[in-house]
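These notes concern the structure reproduced below.
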Amino acid sequence: MTACLCIHGFTGSPMEVEPLAEYIQKHTNWECAIPTLPGHGNELSLKGIMYNEWIQHAEEALKDLLKRHEIVYVVGFSMGGLIASYLATKFPIKKLILLSAAAYYVNFAQLHQDIRIICADFFKGRIRENEQYNRYMNKIKSTPLAATIQFRKLVQYVKPLLANIHVPTLIAQGEKDGIVPLKSASYIYNTIRAENKKMICVEESKHLICHCEKRETLFQEIITFLEEPS
């Protein structure tokens, strides 16, 4: 039996990776698990949560799958990509999928472009209809500074471990991601030591890569990568 662990990002929820999990379940007989990291979900409660709690929660979910399945793949989105990378160095997973993985964060050039669009919508009286604005504001209002510091600590903790990744790895990055710059994907690709590794740049995709217009093409590439012989 085969299973796939999908890990969402910082201040996110399973919604971020659900389209991929649903696609996998529709086209395979694999089990998909999407744990909600401590303090995350539809209602954020991040105060007092340490970064190691996010890692430990993902570890427990992975251990459960490893007990019940011969083959386990791990998918990580954004901060979840860093947690997934950590798991790949500690547990016998078969393959690793990194989506918009946040080894670096804040793409200033794309963020500037997004802000220009937000400002244009503001002056046209359409600010409440701007999805980017609503997402940014919701996260700013519900994210304590201490939680952001914990996120940065997690990145600092995991980045030195990337060179220990040897499992086959697929890295996908949105071309217009305003949160994670393309150099993050390039850095991970050049740092990991997997013999079988592949990087995909998804045109027009912003940060939520599993919700982009070209998601089905991306999902098919992911399944193809996971199913092909190592």
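Each chain of the structure tokens is named A, B, ... in the order shown, its residues numbered from 1; ligands are numbered from 1 in display order.
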- Considering only C-alpha atoms, return as a PyMOL selection string whatever protein or nucleic-acid residues lie within 8 Å of A:Ala33, sequence-local ones (same chain, fewer than 2 positions apart) excluded. chain A and resi 3-6+31+35+61
- Message: Show me, as a list in words, the residues that have an atom within 8 Å of stretch 17-19 of chain A when counting only C-alpha atoms, minus same-chain residues fewer than 2 positions from it.
- Response: Cys6, Ile7, His8, Pro14, Met15, Ala21, Glu22, Tyr23, Ile34, Phe77, Cys210 and His211 of chain A
- Item | Close residues, stretch 214-218 of chain A itself excluded, 9 Å, only C-alpha atoms, min 2 positions apart in chain, as a ChimeraX atom specification | /A:19-20,23,172,200,202-205,209-212,220-223
- Item | Residue neighbourhood A:Glu70, 10 Å, only C-alpha atoms, exclusion window fewer than 5 positions, as a ChimeraX atom specification | /A:1-3,65,92-94
Write out as a CSV table (one decimal) with N, CA, C and O atoms, in the first residue's frame which residues come within 8 Å of A:Ala163 when counting only C-alpha atoms, dropping same-chain ones fewer than 2 positions away.
chain,number,residue,atom,x,y,z
A,160,PRO,N,20.3,24.1,6.8
A,160,PRO,CA,21.6,23.3,6.8
A,160,PRO,C,21.4,21.8,6.5
A,160,PRO,O,22.4,21.1,6.2
A,161,LEU,N,20.2,21.3,6.7
A,161,LEU,CA,19.9,19.9,6.5
A,161,LEU,C,19.6,19.5,5.1
A,161,LEU,O,19.6,18.3,4.7
A,165,ILE,N,19.5,15.5,1.9
A,165,ILE,CA,18.4,14.9,1.2
A,165,ILE,C,18.9,14.1,0.0
A,165,ILE,O,19.6,14.7,-0.9
A,191,THR,N,21.2,22.5,-3.8
A,191,THR,CA,21.7,22.1,-2.5
A,191,THR,C,21.5,20.6,-2.2
A,191,THR,O,22.4,19.9,-1.6
A,192,ILE,N,20.3,20.1,-2.5
A,192,ILE,CA,20.0,18.7,-2.1
A,192,ILE,C,20.9,17.8,-3.0
A,192,ILE,O,21.4,18.1,-4.0
A,193,ARG,N,21.1,16.6,-2.4
A,193,ARG,CA,22.1,15.6,-3.1
A,193,ARG,C,21.4,14.4,-3.7
A,193,ARG,O,22.0,13.4,-3.9
- Please provide as a PyMOL selection string all residues within 6 Å of stretch 39-55 of chain A, with the sequence filter that same-chain residues fewer than 5 positions apart are discarded (counting only C-alpha atoms). chain A and resi 11+13+150+154
Include N, CA and C atoms and write out the residues we just selected as a PDB file, in the first residue's frame.
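Final output, part.pdb:
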ATOM      1  N   THR A  11       0.798  29.863   8.681  1.00  0.00           N
ATOM      2  CA  THR A  11      -0.485  30.567   8.806  1.00  0.00           C
ATOM      3  C   THR A  11      -1.540  30.001   7.858  1.00  0.00           C
ATOM      4  N   SER A  13      -3.613  26.273   6.133  1.00  0.00           N
ATOM      5  CA  SER A  13      -4.496  25.185   6.554  1.00  0.00           C
ATOM      6  C   SER A  13      -4.434  24.098   5.487  1.00  0.00           C
ATOM      7  N   GLN A 150       9.236  32.352  15.019  1.00  0.00           N
ATOM      8  CA  GLN A 150       9.325  30.886  15.050  1.00  0.00           C
ATOM      9  C   GLN A 150       9.444  30.310  13.630  1.00  0.00           C
ATOM     10  N   LEU A 154      12.540  28.079  12.167  1.00  0.00           N
ATOM     11  CA  LEU A 154      12.381  26.798  11.483  1.00  0.00           C
ATOM     12  C   LEU A 154      13.188  26.781  10.185  1.00  0.00           C
TER      13      LEU A 154
END
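Here atom CA of A:Ser100 and atom CA of A:Asn29 stand 25.9 Å from one another.
Of the residues listed (A:Thr148, A:Gln56, A:Gln156, A:Gln173), A:Gln173 shows the shortest atom-to-atom separation from A:His207; distances use only C-alpha atoms.
Our summary of the geometry notes that atom CA of A:Leu162 is positioned 8.0 Å from atom CA of A:Thr89.
Distance annotation: of A:Val158, A:Met79, A:Ala194, A:Met199, the residue with the minimal separation from A:Leu182 is A:Met199; atom set is only C-alpha atoms.
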- Item | helix (DSSP H, G or I) residues, from DSSP on the backbone, in stretch 10-219 of chain A, as a ChimeraX atom specification | /A:14-16,18-27,51-68,79-90,108-123,127-129,131-142,145-164,182-191,209-211,215-219
- Query: Please, what distance in Å, to one decimal, runs between atom CA of A:Pro168 and atom CA of A:Glu60?
  - Reply: 22.3 Å
- Item | Option closest in space to A:Ala84, from A:Ala103, A:Leu145, A:Ala58, A:Val72 [counting only C-alpha atoms] | A:Ala58
